[in-house]
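Colleague: Quick one, protein.cif (mmCIF, C-alpha atoms):
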data_protein
loop_
_atom_site.label_atom_id
_atom_site.label_comp_id
_atom_site.auth_asym_id
_atom_site.auth_seq_id
_atom_site.Cartn_x
_atom_site.Cartn_y
_atom_site.Cartn_z
CA MET A 9 -32.62 46.60 -4.74
CA SER A 10 -32.48 44.17 -1.83
CA SER A 11 -29.31 43.63 0.17
CA ARG A 12 -29.37 39.95 -0.86
CA GLN A 13 -29.36 40.95 -4.53
CA SER A 14 -26.56 43.44 -3.84
CA GLN A 15 -24.51 40.68 -2.22
CA LYS A 16 -25.10 38.39 -5.22
CA ASP A 17 -24.07 41.14 -7.61
CA ALA A 18 -20.93 41.91 -5.59
CA LYS A 19 -20.03 38.20 -5.49
CA ARG A 20 -20.50 37.84 -9.24
CA GLU A 21 -18.50 40.98 -9.98
CA SER A 22 -15.66 39.94 -7.66
CA PHE A 23 -15.58 36.43 -9.15
CA GLU A 24 -15.52 37.72 -12.71
CA LYS A 25 -12.73 40.16 -11.91
CA GLU A 26 -10.48 37.76 -9.99
CA ALA A 27 -11.29 34.26 -11.27
CA LEU A 28 -12.50 34.45 -14.87
CA VAL A 29 -9.26 36.10 -16.01
CA HIS A 30 -7.60 32.67 -15.56
CA LEU A 31 -9.94 30.86 -17.97
CA ASP A 32 -7.39 30.41 -20.79
CA SER A 33 -4.67 29.18 -18.47
CA LEU A 34 -7.02 26.66 -16.85
CA PHE A 35 -8.27 25.44 -20.21
CA ARG A 36 -4.72 24.94 -21.53
CA THR A 37 -3.88 22.79 -18.54
CA ALA A 38 -7.22 20.96 -18.58
CA LEU A 39 -6.54 20.04 -22.20
CA ARG A 40 -3.17 18.57 -21.22
CA MET A 41 -4.78 16.68 -18.34
CA THR A 42 -7.73 15.21 -20.23
CA LYS A 43 -6.25 15.04 -23.76
CA ASN A 44 -9.70 15.84 -25.08
CA GLU A 45 -11.26 19.23 -25.84
CA GLY A 46 -14.77 18.24 -24.73
CA ASP A 47 -13.54 16.82 -21.43
CA ALA A 48 -11.31 19.88 -20.95
CA ASP A 49 -14.33 22.17 -21.44
CA ASP A 50 -16.32 20.11 -18.93
CA LEU A 51 -13.46 20.13 -16.42
CA VAL A 52 -13.01 23.90 -16.64
CA GLN A 53 -16.75 24.50 -16.40
CA GLU A 54 -16.98 22.25 -13.35
CA THR A 55 -13.99 24.06 -11.84
CA PHE A 56 -15.60 27.47 -12.24
CA LEU A 57 -18.96 26.25 -10.94
CA LYS A 58 -17.33 24.84 -7.82
CA ALA A 59 -15.13 27.93 -7.39
CA TYR A 60 -18.17 30.21 -7.65
CA ARG A 61 -20.12 28.09 -5.20
CA PHE A 62 -17.27 28.40 -2.67
CA TRP A 63 -16.17 31.92 -3.59
CA ASP A 64 -16.93 33.11 -0.04
CA LYS A 65 -14.25 30.63 1.19
CA PHE A 66 -11.57 32.15 -1.06
CA GLU A 67 -9.23 34.36 0.96
CA LYS A 68 -9.02 37.72 -0.77
CA GLY A 69 -5.44 38.73 -1.46
CA THR A 70 -4.17 35.17 -1.87
CA ASN A 71 -3.27 33.48 -5.16
CA CYS A 72 -6.61 32.99 -6.94
CA ARG A 73 -4.95 31.25 -9.89
CA ALA A 74 -3.34 28.61 -7.65
CA TRP A 75 -6.66 28.18 -5.80
CA LEU A 76 -8.48 27.54 -9.10
CA PHE A 77 -5.81 25.09 -10.25
CA LYS A 78 -6.14 23.20 -6.96
CA ILE A 79 -9.91 22.92 -7.44
CA MET A 80 -9.45 21.74 -11.02
CA THR A 81 -6.79 19.21 -10.05
CA ASN A 82 -8.98 17.78 -7.31
CA ILE A 83 -11.94 17.46 -9.67
CA PHE A 84 -9.72 15.80 -12.26
CA ILE A 85 -8.28 13.34 -9.74
CA ASN A 86 -11.68 12.51 -8.27
CA ASN A 87 -13.66 12.27 -11.50
CA TYR A 88 -11.74 11.98 -14.75
CA ARG A 89 -8.65 10.18 -13.56
CA ALA A 90 -10.61 7.49 -11.74
CA LYS A 91 -12.36 6.55 -15.00
CA ALA A 92 -9.24 6.00 -17.09
CA TRP A 93 -6.45 5.21 -14.66
CA THR A 94 -4.02 2.50 -15.66
CA PRO A 95 -0.66 1.93 -14.01
CA GLN A 96 2.35 2.83 -16.12
CA THR A 97 5.92 1.62 -15.77
CA ILE A 98 8.83 3.73 -16.87
CA ASP A 99 12.55 3.07 -17.13
CA LEU A 100 14.37 6.37 -16.85
CA GLU A 101 17.83 5.07 -16.02
CA ASP A 102 19.05 5.31 -19.62
CA VAL A 103 18.27 9.04 -19.95
CA ASP A 104 21.01 11.39 -18.78
CA ASP A 105 19.88 14.48 -16.82
CA ASP A 106 21.37 16.77 -19.47
CA PHE A 107 20.25 14.73 -22.47
CA LEU A 108 18.53 17.62 -24.29
CA PHE A 109 18.02 20.57 -21.98
CA GLY A 110 21.68 20.57 -20.93
CA GLN A 111 22.68 21.14 -24.53
CA LEU A 112 20.12 23.91 -24.87
CA SER A 113 21.53 25.65 -21.81
CA ALA A 114 24.99 25.49 -23.36
CA LEU A 115 23.69 27.45 -26.35
CA GLY A 116 22.84 30.58 -24.42
CA PRO A 117 22.58 32.41 -21.11
CA PRO A 118 18.99 31.65 -19.99
CA GLU A 119 18.79 30.11 -16.54
CA ASP A 120 15.95 27.77 -17.39
CA PRO A 121 16.42 25.94 -20.70
CA GLU A 122 13.10 24.08 -20.38
CA LYS A 123 11.12 27.30 -20.17
CA GLN A 124 13.17 28.78 -23.01
CA PHE A 125 12.40 25.72 -25.12
CA PHE A 126 8.66 25.73 -24.38
CA ASN A 127 8.41 29.51 -24.83
CA LYS A 128 10.00 29.32 -28.28
CA VAL A 129 8.01 26.44 -29.66
CA PHE A 130 4.95 24.58 -28.73
CA ASP A 131 3.90 22.92 -31.94
CA ASP A 132 2.33 19.51 -32.47
CA ASP A 133 5.46 17.43 -31.74
CA VAL A 134 6.02 19.17 -28.42
CA LYS A 135 2.33 19.06 -27.49
CA ARG A 136 2.27 15.36 -28.28
CA ALA A 137 5.39 14.74 -26.17
CA VAL A 138 3.80 16.52 -23.20
CA GLU A 139 0.48 14.71 -23.68
CA GLU A 140 2.25 11.33 -23.82
CA LEU A 141 3.87 11.83 -20.44
CA PRO A 142 2.36 9.63 -17.74
CA GLU A 143 -0.33 11.60 -15.95
CA ASP A 144 1.50 12.21 -12.66
CA PHE A 145 4.51 13.64 -14.50
CA ARG A 146 2.44 15.51 -17.10
CA LEU A 147 0.55 17.51 -14.50
CA VAL A 148 3.61 18.81 -12.64
CA VAL A 149 5.45 19.50 -15.93
CA VAL A 150 2.52 21.54 -17.26
CA LEU A 151 2.11 23.43 -13.98
CA SER A 152 5.84 24.21 -13.81
CA PHE A 153 7.07 24.71 -17.36
CA LEU A 154 3.92 25.99 -19.04
CA GLU A 155 2.02 27.71 -16.23
CA GLY A 156 5.02 28.95 -14.25
CA PHE A 157 3.99 27.80 -10.78
CA SER A 158 6.68 27.47 -8.11
CA TYR A 159 7.49 24.11 -6.47
CA GLN A 160 5.50 25.17 -3.39
CA GLU A 161 2.49 26.26 -5.44
CA ILE A 162 2.54 22.97 -7.37
CA ALA A 163 2.81 21.03 -4.10
CA ASP A 164 -0.24 22.89 -2.78
CA ILE A 165 -2.21 22.44 -6.02
CA VAL A 166 -1.61 18.70 -6.39
CA ASP A 167 -1.45 18.01 -2.66
CA LEU A 168 2.08 16.55 -2.61
CA ASN A 169 5.20 17.38 -0.67
CA ILE A 170 7.86 19.49 -2.39
CA GLY A 171 10.27 16.54 -2.62
CA THR A 172 7.73 14.53 -4.62
CA VAL A 173 7.06 17.51 -6.90
CA LYS A 174 10.79 17.93 -7.56
CA SER A 175 11.17 14.21 -8.18
CA ARG A 176 8.26 14.11 -10.62
CA LEU A 177 9.56 17.19 -12.43
CA HIS A 178 12.99 15.60 -12.68
CA ARG A 179 11.58 12.36 -14.05
CA GLY A 180 9.13 14.16 -16.33
CA ARG A 181 12.01 16.26 -17.63
CA LYS A 182 13.97 13.11 -18.46
CA LEU A 183 11.02 11.63 -20.32
CA LEU A 184 10.49 14.84 -22.28
CA GLN A 185 14.15 15.03 -23.20
CA LYS A 186 14.05 11.51 -24.53
CA SER A 187 10.89 12.01 -26.58
CA LEU A 188 11.89 15.46 -27.89
CA TRP A 189 15.38 14.52 -29.08
CA ASP A 190 14.37 13.93 -32.71
CA TYR A 191 12.26 17.08 -32.68
CA ALA A 192 15.20 19.15 -31.39
CA VAL A 193 17.59 17.75 -34.03
CA LYS A 194 15.04 18.23 -36.84
CA ASN A 195 14.48 21.87 -35.88
CA GLY A 196 18.14 22.71 -35.30
CA PHE A 197 18.05 23.17 -31.53
CA VAL A 198 20.86 20.61 -31.14
CA LYS A 199 23.21 18.82 -33.51
CA GLU A 200 22.80 15.07 -34.05
CA ALA A 201 26.46 14.45 -33.16
CA ALA A 202 25.91 15.84 -29.65
CA LYS A 203 23.77 12.80 -28.83
#
What is this file in structure tokens?
Modeller:
Amino acid sequence: MSSRQSQKDAKRESFEKEALVHLDSLFRTALRMTKNEGDADDLVQETFLKAYRFWDKFEKGTNCRAWLFKIMTNIFINNYRAKAWTPQTIDLEDVDDDFLFGQLSALGPPEDPEKQFFNKVFDDDVKRAVEELPEDFRLVVVLSFLEGFSYQEIADIVDLNIGTVKSRLHRGRKLLQKSLWDYAVKNGFVKEAAK
């Protein structure tokens, strides 16, 4: 076997071991980004093709998952987002910071009521609420609440400063609280009178 073939085999094996294990996580997020299974498949496939092409640039020992999410986010911004971008206006002033998640935190000891909420349920109403978030908010919400990335990792993935990430998470959280209120009442997470 030639040394070139050995290098190719080693690259493929390394890529499969470190990168392909994140396929499900990337697809979940791609689906939230594109809102379409076919486009999500294409986005993930394009992400892995690009990642494999530049696998020699990946620094071993660093966060491969964050690196893959950065590639996918860049592809999404450059390709998919450009096709369907429309400006959205949002009035968040009428939503209190503790509208829904504050009540959830009062029900029990967990430090992060959003994660508790999303870990317990992620049915159609919740999926729809996340998908209906404006794109800039949706991406940071998905990366934080569903994928568990830190503020710094999200900032690196979406190429924003930490202050902007925190602001978008805060505003995305307010929008989610507003849209999930009926869902939370219907499923007994909060009582109607608490509104």
Colleague: Using all atoms listed in the file, which of the listed residues (A:Lys78, A:Gly180, A:Val134, A:Ala18) sits closest to Lys58 in chain A?
Modeller: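 Going through A:Lys78, A:Gly180, A:Val134, A:Ala18 one by one, the smallest distance to Lys58 in chain A is for A:Lys78.
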Colleague: Got a sec to resolve the PyMOL selection byres ((chain A and resi 181) around 9) on this structure and send the residues as an MDAnalysis selection string?
Modeller: chainID A and resid 105 109 122 145 149 176:180 182:186
Colleague: If the PyMOL selection byres ((chain A and resi 80) around 9) were run on this exact file, what residues would it hold? Put them as a list in words.
Modeller: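 For this structure, the PyMOL selection byres ((chain A and resi 80) around 9) resolves to Leu34, Ala38, Leu51, Val52, Glu54, Thr55, Phe56, Trp75, Leu76, Phe77, Lys78, Ile79, Thr81, Asn82, Ile83, Phe84, Ile85 and Ile165 of chain A.
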Colleague: So, with all atoms listed in the file as the atoms that count, which of A:Ala48, A:Leu141, A:Leu188, A:Val148 lies closest to Ile162 in chain A?
Modeller: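 Closest to Ile162 in chain A of all the choices is A:Val148.
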Colleague: In Å, rounded to a single decimal, give me how far CA of Gly156 in chain A is from CA of Ser33 in chain A.
Modeller: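 Result for CA of Ser33 in chain A versus CA of Gly156 in chain A: 10.6 Å, one decimal.
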Colleague: Near Cys72 in chain A, counting all atoms listed in the file, which residues have an atom at most 12 Å away, once you skip same-chain residues fewer than 2 positions from it, shown as a list in words?
Modeller: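 Everything that qualifies: Ser22, Phe23, Glu24, Lys25, Glu26, Ala27, Leu28, Val29, His30, Leu31, Leu34, Phe56, Ala59, Tyr60, Trp63, Lys65, Phe66, Glu67, Lys68, Gly69, Thr70, Ala74, Trp75, Leu76, Phe77, Lys78, Ile79, Glu161 and Ile165 of chain A.
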Colleague: Have a look at A:Asp144, A:Asp167, A:Asp49, A:Asp64 and name the one nearest to Gln15 in chain A; count all atoms listed in the file.
Modeller: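 Of the candidates, the smallest distance to Gln15 in chain A is held by A:Asp64.
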Colleague: Which is closest to Lys194 in chain A among A:Gly171, A:Asp133, A:Arg61, A:Ser11, if we use only C-alpha atoms?
Modeller: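 Going through A:Gly171, A:Asp133, A:Arg61, A:Ser11 one by one, the smallest distance to Lys194 in chain A is for A:Asp133.
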Colleague: For CA of Leu147 in chain A and CA of Gln160 in chain A, determine how far apart the two atoms are, in Å to one decimal place.
Modeller: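 That distance, rounded to one decimal, is 14.4 Å.
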Colleague: So the first atom is CA of Lys135 in chain A and the second is CA of Ala163 in chain A; what is the distance between them in Å, to one decimal place?
Modeller: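 Going from CA of Lys135 in chain A over to CA of Ala163 in chain A covers 23.5 Å.
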Colleague: Would you pick out the contacts of Lys199 in chain A at 10 Å or less, using only C-alpha atoms, so that residues sharing its chain but fewer than 5 positions from it are not included, and give the list as a short mmCIF file (atom, residue, chain, number, x, y, z; two decimals) with C-alpha atoms, in the coordinates of the input?
Modeller:
data_model
loop_
_atom_site.label_atom_id
_atom_site.label_comp_id
_atom_site.auth_asym_id
_atom_site.auth_seq_id
_atom_site.Cartn_x
_atom_site.Cartn_y
_atom_site.Cartn_z
CA GLN A 111 22.68 21.14 -24.53
CA TRP A 189 15.38 14.52 -29.08
CA ALA A 192 15.20 19.15 -31.39
CA VAL A 193 17.59 17.75 -34.03
CA LYS A 194 15.04 18.23 -36.84
#
Colleague: Return as AutoDock Vina command-line options the box centre and box size in Å, one decimal, for an axis-aligned box around all listed atoms of range 34-37 of chain A padded by 5 Å per side.
Modeller:
--center_x -6.1 --center_y 24.7 --center_z -19.2 --size_x 14.4 --size_y 13.9 --size_z 14.7
